[in-house]
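Listing of data-v4.cif; format and content: mmCIF, C-alpha atoms.
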data_work
#
loop_
_atom_site.group_PDB
_atom_site.id
_atom_site.type_symbol
_atom_site.label_atom_id
_atom_site.label_comp_id
_atom_site.auth_asym_id
_atom_site.auth_seq_id
_atom_site.Cartn_x
_atom_site.Cartn_y
_atom_site.Cartn_z
ATOM 1 C CA MET A 1 0.000 0.000 0.000
ATOM 2 C CA GLN A 2 1.159 3.532 -0.802
ATOM 3 C CA LEU A 3 1.971 5.739 2.198
ATOM 4 C CA TYR A 4 1.187 9.468 2.026
ATOM 5 C CA ARG A 5 0.949 12.475 4.324
ATOM 6 C CA ASP A 6 -1.563 15.304 4.491
ATOM 7 C CA ASP A 7 -3.071 17.763 6.948
ATOM 8 C CA GLY A 8 -6.632 18.936 7.191
ATOM 9 C CA ILE A 9 -9.783 19.469 9.233
ATOM 10 C CA VAL A 10 -11.806 16.534 10.565
ATOM 11 C CA LEU A 11 -15.336 17.027 9.215
ATOM 12 C CA ARG A 12 -17.160 13.978 10.518
ATOM 13 C CA THR A 13 -16.735 10.591 12.164
ATOM 14 C CA GLN A 14 -18.855 7.425 12.106
ATOM 15 C CA LYS A 15 -18.599 4.084 13.811
ATOM 16 C CA LEU A 16 -17.195 1.075 11.984
ATOM 17 C CA GLY A 17 -17.378 -2.346 13.584
ATOM 18 C CA GLU A 18 -16.724 -2.631 17.297
ATOM 19 C CA ALA A 19 -13.601 -0.495 17.680
ATOM 20 C CA ASP A 20 -12.937 1.503 14.507
ATOM 21 C CA ARG A 21 -14.185 4.750 13.033
ATOM 22 C CA ILE A 22 -14.427 6.187 9.539
ATOM 23 C CA ILE A 23 -12.969 9.689 9.607
ATOM 24 C CA THR A 24 -13.878 12.243 6.944
ATOM 25 C CA ILE A 25 -11.167 14.884 6.505
ATOM 26 C CA LEU A 26 -10.833 17.884 4.211
ATOM 27 C CA GLY A 27 -7.143 17.694 3.332
ATOM 28 C CA ARG A 28 -4.790 20.370 2.104
ATOM 29 C CA HIS A 29 -3.471 18.363 -0.836
ATOM 30 C CA SER A 30 -5.908 15.476 -1.228
ATOM 31 C CA GLY A 31 -9.277 17.193 -0.851
ATOM 32 C CA ARG A 32 -11.956 15.207 0.940
ATOM 33 C CA ILE A 33 -10.649 11.910 2.319
ATOM 34 C CA ARG A 34 -12.505 9.056 4.003
ATOM 35 C CA ALA A 35 -10.153 6.905 6.043
ATOM 36 C CA VAL A 36 -10.340 4.239 8.732
ATOM 37 C CA ALA A 37 -8.868 4.883 12.166
ATOM 38 C CA LYS A 38 -8.421 1.417 13.636
ATOM 39 C CA GLY A 39 -9.082 0.838 17.322
ATOM 40 C CA VAL A 40 -9.840 4.483 18.138
ATOM 41 C CA ARG A 41 -12.963 3.608 20.139
ATOM 42 C CA ARG A 42 -10.933 1.618 22.612
ATOM 43 C CA THR A 43 -9.943 3.412 25.814
ATOM 44 C CA LYS A 44 -6.264 2.702 25.156
ATOM 45 C CA SER A 45 -6.305 4.110 21.616
ATOM 46 C CA ARG A 46 -3.150 5.967 20.650
ATOM 47 C CA PHE A 47 -4.887 8.812 18.830
ATOM 48 C CA GLY A 48 -8.657 8.568 19.208
ATOM 49 C CA ALA A 49 -9.016 12.005 20.841
ATOM 50 C CA ARG A 50 -6.969 13.578 18.042
ATOM 51 C CA LEU A 51 -9.512 12.632 15.395
ATOM 52 C CA GLU A 52 -12.575 14.528 16.577
ATOM 53 C CA PRO A 53 -14.541 16.992 14.389
ATOM 54 C CA PHE A 54 -13.137 20.548 14.229
ATOM 55 C CA THR A 55 -9.571 19.318 14.779
ATOM 56 C CA HIS A 56 -6.778 20.370 12.407
ATOM 57 C CA VAL A 57 -4.589 17.278 12.174
ATOM 58 C CA ASP A 58 -1.382 16.168 10.492
ATOM 59 C CA LEU A 59 -1.857 12.610 9.198
ATOM 60 C CA MET A 60 0.042 9.679 7.789
ATOM 61 C CA LEU A 61 -2.158 7.369 5.729
ATOM 62 C CA HIS A 62 -1.958 4.175 3.721
ATOM 63 C CA ALA A 63 -3.938 4.251 0.471
ATOM 64 C CA GLY A 64 -6.426 1.378 0.438
ATOM 65 C CA ARG A 65 -8.732 -0.117 -2.167
ATOM 66 C CA SER A 66 -11.936 1.461 -0.839
ATOM 67 C CA LEU A 67 -10.915 3.340 2.311
ATOM 68 C CA ASP A 68 -7.491 4.628 3.298
ATOM 69 C CA VAL A 69 -6.065 3.781 6.719
ATOM 70 C CA ILE A 70 -4.764 6.357 9.201
ATOM 71 C CA THR A 71 -1.498 5.218 10.741
ATOM 72 C CA GLN A 72 -0.477 8.391 12.572
ATOM 73 C CA ALA A 73 -2.241 11.575 13.709
ATOM 74 C CA GLU A 74 -0.856 14.698 15.365
ATOM 75 C CA VAL A 75 -2.952 17.701 16.388
ATOM 76 C CA ILE A 76 -2.068 21.020 14.773
ATOM 77 C CA ARG A 77 -4.902 22.994 16.382
ATOM 78 C CA PRO A 78 -8.087 21.820 18.170
ATOM 79 C CA TYR A 79 -10.595 24.373 16.894
ATOM 80 C CA GLY A 80 -13.434 22.627 18.731
ATOM 81 C CA GLU A 81 -12.212 23.391 22.252
ATOM 82 C CA PRO A 82 -13.471 27.005 22.474
ATOM 83 C CA LEU A 83 -16.757 26.016 20.798
ATOM 84 C CA ALA A 84 -17.703 23.100 23.042
ATOM 85 C CA GLY A 85 -19.346 25.153 25.795
ATOM 86 C CA ASP A 86 -20.961 27.779 23.579
ATOM 87 C CA TYR A 87 -24.107 26.597 21.786
ATOM 88 C CA PRO A 88 -24.343 29.415 19.175
ATOM 89 C CA ARG A 89 -20.703 29.067 18.187
ATOM 90 C CA TYR A 90 -20.795 25.267 18.258
ATOM 91 C CA THR A 91 -23.866 24.969 16.016
ATOM 92 C CA ALA A 92 -22.416 27.522 13.595
ATOM 93 C CA GLY A 93 -19.237 25.432 13.467
ATOM 94 C CA VAL A 94 -21.162 22.226 12.796
ATOM 95 C CA ALA A 95 -22.958 23.939 9.908
ATOM 96 C CA MET A 96 -19.573 24.990 8.500
ATOM 97 C CA LEU A 97 -18.276 21.416 8.614
ATOM 98 C CA GLU A 98 -21.384 20.051 6.896
ATOM 99 C CA THR A 99 -21.267 22.769 4.228
ATOM 100 C CA ALA A 100 -17.580 22.133 3.524
ATOM 101 C CA GLU A 101 -18.359 18.458 3.002
ATOM 102 C CA ARG A 102 -21.249 19.268 0.645
ATOM 103 C CA PHE A 103 -19.033 21.559 -1.421
ATOM 104 C CA THR A 104 -16.474 18.759 -1.891
ATOM 105 C CA PRO A 105 -18.617 15.937 -3.318
ATOM 106 C CA VAL A 106 -15.752 14.193 -5.146
ATOM 107 C CA GLU A 107 -13.254 12.347 -2.972
ATOM 108 C CA LYS A 108 -9.564 13.206 -3.387
ATOM 109 C CA GLU A 109 -10.220 16.197 -5.593
ATOM 110 C CA PRO A 110 -8.050 19.089 -4.297
ATOM 111 C CA ALA A 111 -10.078 21.877 -2.652
ATOM 112 C CA LEU A 112 -7.476 24.106 -1.020
ATOM 113 C CA ARG A 113 -9.542 27.304 -1.136
ATOM 114 C CA GLN A 114 -12.441 25.565 0.597
ATOM 115 C CA LEU A 115 -10.089 24.264 3.297
ATOM 116 C CA LEU A 116 -8.580 27.709 3.875
ATOM 117 C CA LEU A 117 -12.070 29.210 4.150
ATOM 118 C CA LEU A 118 -13.008 26.575 6.704
ATOM 119 C CA ILE A 119 -9.870 27.131 8.779
ATOM 120 C CA GLY A 120 -10.468 30.886 8.722
ATOM 121 C CA GLY A 121 -14.103 30.459 9.715
ATOM 122 C CA LEU A 122 -13.338 28.123 12.610
ATOM 123 C CA ARG A 123 -10.581 30.435 13.819
ATOM 124 C CA ALA A 124 -12.979 33.404 13.736
ATOM 125 C CA LEU A 125 -15.590 31.439 15.697
ATOM 126 C CA GLY A 126 -13.017 30.487 18.299
ATOM 127 C CA ASP A 127 -11.714 34.037 18.658
ATOM 128 C CA GLY A 128 -15.226 35.292 19.353
ATOM 129 C CA GLU A 129 -14.634 38.773 17.927
ATOM 130 C CA HIS A 130 -17.733 38.668 15.719
ATOM 131 C CA PRO A 131 -21.249 37.234 16.245
ATOM 132 C CA PRO A 132 -21.273 33.552 15.237
ATOM 133 C CA GLY A 133 -24.199 34.014 12.866
ATOM 134 C CA LEU A 134 -22.265 36.612 10.902
ATOM 135 C CA VAL A 135 -19.175 34.415 10.778
ATOM 136 C CA LEU A 136 -21.280 31.528 9.482
ATOM 137 C CA ASP A 137 -23.024 33.625 6.816
ATOM 138 C CA ALA A 138 -19.679 35.053 5.674
ATOM 139 C CA PHE A 139 -18.335 31.510 5.350
ATOM 140 C CA LEU A 140 -21.401 30.361 3.404
ATOM 141 C CA LEU A 141 -21.286 33.311 1.001
ATOM 142 C CA ARG A 142 -17.578 32.900 0.363
ATOM 143 C CA SER A 143 -17.944 29.153 -0.118
ATOM 144 C CA LEU A 144 -20.585 29.876 -2.739
ATOM 145 C CA ALA A 145 -18.223 32.344 -4.399
ATOM 146 C CA VAL A 146 -15.375 29.805 -4.482
ATOM 147 C CA ALA A 147 -17.749 27.318 -6.124
ATOM 148 C CA GLY A 148 -18.738 29.905 -8.740
ATOM 149 C CA TYR A 149 -22.140 30.743 -7.264
ATOM 150 C CA ALA A 150 -21.572 34.203 -5.765
ATOM 151 C CA PRO A 151 -24.918 36.030 -5.676
ATOM 152 C CA ALA A 152 -25.303 39.165 -7.759
ATOM 153 C CA LEU A 153 -25.780 41.985 -5.267
ATOM 154 C CA GLN A 154 -24.959 45.167 -7.186
ATOM 155 C CA GLU A 155 -26.404 44.406 -10.594
ATOM 156 C CA CYS A 156 -29.419 42.517 -11.897
ATOM 157 C CA ALA A 157 -28.635 38.812 -11.997
ATOM 158 C CA ARG A 158 -30.622 38.451 -15.237
ATOM 159 C CA CYS A 159 -29.982 41.525 -17.379
ATOM 160 C CA GLY A 160 -26.955 43.071 -15.686
ATOM 161 C CA THR A 161 -28.547 46.447 -14.995
ATOM 162 C CA PRO A 162 -26.473 48.095 -12.231
ATOM 163 C CA GLY A 163 -28.171 49.269 -9.065
ATOM 164 C CA SER A 164 -27.454 52.590 -7.398
ATOM 165 C CA GLY A 165 -23.894 52.742 -6.129
ATOM 166 C CA ALA A 166 -22.770 49.737 -8.175
ATOM 167 C CA PRO A 167 -19.582 49.916 -10.251
ATOM 168 C CA GLY A 168 -20.494 51.303 -13.666
ATOM 169 C CA SER A 169 -23.645 53.055 -12.494
ATOM 170 C CA ASP A 170 -24.043 56.801 -12.719
ATOM 171 C CA GLY A 171 -24.970 57.062 -9.044
ATOM 172 C CA ALA A 172 -28.561 57.937 -9.891
ATOM 173 C CA GLY A 173 -29.836 54.451 -10.615
ATOM 174 C CA ARG A 174 -32.576 52.904 -8.546
ATOM 175 C CA ARG A 175 -31.995 50.296 -5.920
ATOM 176 C CA LEU A 176 -32.579 46.768 -7.164
ATOM 177 C CA PRO A 177 -35.889 45.811 -5.528
ATOM 178 C CA ALA A 178 -35.812 42.027 -5.200
ATOM 179 C CA PHE A 179 -33.714 38.957 -4.437
ATOM 180 C CA ALA A 180 -34.541 35.895 -6.551
ATOM 181 C CA VAL A 181 -32.790 32.707 -5.460
ATOM 182 C CA ALA A 182 -33.237 30.853 -8.754
ATOM 183 C CA ALA A 183 -32.142 33.879 -10.803
ATOM 184 C CA GLY A 184 -28.860 34.200 -8.933
ATOM 185 C CA GLY A 185 -29.327 37.212 -6.660
ATOM 186 C CA MET A 186 -30.735 40.731 -6.885
ATOM 187 C CA VAL A 187 -32.976 41.523 -9.848
ATOM 188 C CA CYS A 188 -34.441 44.703 -11.333
ATOM 189 C CA ALA A 189 -38.181 45.414 -11.494
ATOM 190 C CA SER A 190 -38.384 44.264 -15.126
ATOM 191 C CA CYS A 191 -36.732 40.904 -14.399
ATOM 192 C CA ARG A 192 -38.385 40.237 -11.055
ATOM 193 C CA PRO A 193 -40.047 36.793 -11.023
ATOM 194 C CA PRO A 194 -43.105 35.939 -8.927
ATOM 195 C CA GLY A 195 -42.268 35.052 -5.341
ATOM 196 C CA ALA A 196 -38.984 36.969 -5.180
ATOM 197 C CA ALA A 197 -38.052 38.392 -1.781
ATOM 198 C CA SER A 198 -37.859 42.144 -1.130
ATOM 199 C CA PRO A 199 -34.940 42.607 1.280
ATOM 200 C CA ALA A 200 -34.239 45.921 2.966
ATOM 201 C CA ALA A 201 -31.333 47.886 1.538
ATOM 202 C CA PRO A 202 -29.232 47.468 4.734
ATOM 203 C CA THR A 203 -29.676 43.701 4.448
ATOM 204 C CA VAL A 204 -28.183 43.684 0.958
ATOM 205 C CA ASP A 205 -25.371 45.919 2.211
ATOM 206 C CA LEU A 206 -24.712 43.384 4.982
ATOM 207 C CA MET A 207 -24.517 40.500 2.500
ATOM 208 C CA LEU A 208 -22.040 42.482 0.424
ATOM 209 C CA ALA A 209 -19.961 43.323 3.511
ATOM 210 C CA LEU A 210 -19.804 39.661 4.538
ATOM 211 C CA LEU A 211 -18.809 38.598 1.055
ATOM 212 C CA ARG A 212 -16.025 41.196 1.001
ATOM 213 C CA GLY A 213 -14.866 40.681 4.599
ATOM 214 C CA ASP A 214 -15.837 44.211 5.663
ATOM 215 C CA TRP A 215 -16.281 43.387 9.351
ATOM 216 C CA ASP A 216 -16.525 47.012 10.499
ATOM 217 C CA SER A 217 -19.727 47.383 8.500
ATOM 218 C CA ALA A 218 -21.024 43.898 9.303
ATOM 219 C CA ASP A 219 -20.604 44.286 13.069
ATOM 220 C CA ARG A 220 -22.612 47.528 12.988
ATOM 221 C CA SER A 221 -25.627 45.793 11.413
ATOM 222 C CA GLU A 222 -28.878 45.472 13.347
ATOM 223 C CA ARG A 223 -30.562 42.246 14.434
ATOM 224 C CA ARG A 224 -33.395 42.424 11.883
ATOM 225 C CA GLN A 225 -30.877 42.801 9.068
ATOM 226 C CA ARG A 226 -28.887 39.806 10.290
ATOM 227 C CA VAL A 227 -31.982 37.615 10.530
ATOM 228 C CA GLU A 228 -33.144 38.581 7.030
ATOM 229 C CA CYS A 229 -29.625 38.088 5.641
ATOM 230 C CA SER A 230 -29.366 34.616 7.182
ATOM 231 C CA GLY A 231 -32.649 33.535 5.642
ATOM 232 C CA LEU A 232 -31.607 34.674 2.176
ATOM 233 C CA VAL A 233 -28.156 33.091 2.455
ATOM 234 C CA ALA A 234 -29.582 29.764 3.655
ATOM 235 C CA ALA A 235 -32.155 29.644 0.844
ATOM 236 C CA TYR A 236 -29.559 30.566 -1.777
ATOM 237 C CA LEU A 237 -27.066 28.009 -0.462
ATOM 238 C CA GLN A 238 -29.524 25.145 -0.404
ATOM 239 C CA TRP A 239 -30.790 25.978 -3.900
ATOM 240 C CA HIS A 240 -27.312 25.651 -5.373
ATOM 241 C CA LEU A 241 -26.339 22.596 -3.355
ATOM 242 C CA GLU A 242 -29.658 20.931 -4.249
ATOM 243 C CA HIS A 243 -29.546 19.526 -0.750
ATOM 244 C CA SER A 244 -30.541 20.886 2.633
ATOM 245 C CA ILE A 245 -27.887 21.589 5.260
ATOM 246 C CA ARG A 246 -29.516 19.815 8.194
ATOM 247 C CA SER A 247 -27.410 21.505 10.857
ATOM 248 C CA LEU A 248 -28.621 24.978 9.825
ATOM 249 C CA ARG A 249 -31.932 24.339 11.562
ATOM 250 C CA HIS A 250 -30.110 24.279 14.922
ATOM 251 C CA VAL A 251 -28.212 27.543 14.411
ATOM 252 C CA GLU A 252 -29.341 30.459 16.559
ATOM 253 C CA ARG A 253 -30.117 33.482 14.399
ATOM 254 C CA ALA A 254 -29.710 36.827 16.157
#
Before we go any further, please render this structure as structure tokens.
Amino acid sequence: MQLYRDDGIVLRTQKLGEADRIITILGRHSGRIRAVAKGVRRTKSRFGARLEPFTHVDLMLHAGRSLDVITQAEVIRPYGEPLAGDYPRYTAGVAMLETAERFTPVEKEPALRQLLLLIGGLRALGDGEHPPGLVLDAFLLRSLAVAGYAPALQECARCGTPGSGAPGSDGAGRRLPAFAVAAGGMVCASCRPPGAASPAAPTVDLMLALLRGDWDSADRSERRQRVECSGLVAAYLQWHLEHSIRSLRHVERA
């Protein structure tokens, strides 16, 4: 069997047999990996505690026919420790892990930008400098952007008409009135489909700030804007993934 080394974030674990676990990792070089950690459920396991979700680990693995085998694991940083006793931060972190797995559907396909986004998001949650809901929504929006699904926020997603203040506008244009998930973001009055949402202007500004990493603006947002933003981001994410993120239902929105 071929031996290789990689580091990454543990996304998920599941039981296998009486003593083993299957560990899902988002690796720096290998993308998403599913590997067996033998004997880790025994009390005398050498590295069972090192292979918990949220942990950044350095691994040695043997390539197997169906599942690789972890032979060595060393902790780089346990991002889960500061989240364990804080429900809002913990649930936001779980949603990040699930989203990262959904955005890497093909095993062993490199996804370095997704990994770096995840590490940055978990670090921000642990630092506690920003509300966890904002950190989560920023991670979701940027993950969408990395996958090529960034929502149009300053121009009509269908016809390209710029809204007021958008690059290329004359400054006198009208604000785009609606957000249409299936269309790809904000739309003008002429392109507005039935059922499109009508977000407040500060909500759209918040989405743009999160996408850009403008935390000064994002942290000044009000609760109603954050709640509306989260709903739009969740709907847009799940439309493009064609799959619900189950852990989002447990996230506190404030």
* To do: May I have the protein, DNA and RNA residues with an atom at most 10 Å from (-18.3, 24.4, 6.5), counting all atoms listed in the file in the file's coordinates, returned as a list in words?
  => Leu11, Ala92, Gly93, Val94, Ala95, Met96, Leu97, Glu98, Thr99, Ala100, Glu101, Arg102, Phe103, Gln114, Leu115, Leu117, Leu118, Ile119, Gly121, Leu122, Leu136, Phe139, Leu140 and Ser143 of chain A
* To do: For CA of Thr55 (chain A) and CA of Gln238 (chain A), determine how far apart the two atoms are, in Å to one decimal place.
  => 25.7 Å
* Do a neighbour search on Gly185 (chain A) at 10 Å with all atoms listed in the file, toss out local chain neighbours closer than 2 positions, and write the hits as an NGL selection string. => :A and (149-158 or 178-183 or 187 or 196 or 232 or 236)
* Can you list what the PyMOL selection byres ((chain A and resi 7) around 7) grabs from this structure, as a list of chain:residue names? -> A:Asp6, A:Gly8, A:Gly27, A:Arg28, A:Val57, A:Asp58, A:Leu59
* CA of Phe54 (chain A) to CA of Thr91 (chain A), straight-line distance in Å ->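 Distance reported for this atom pair: 11.7 Å.
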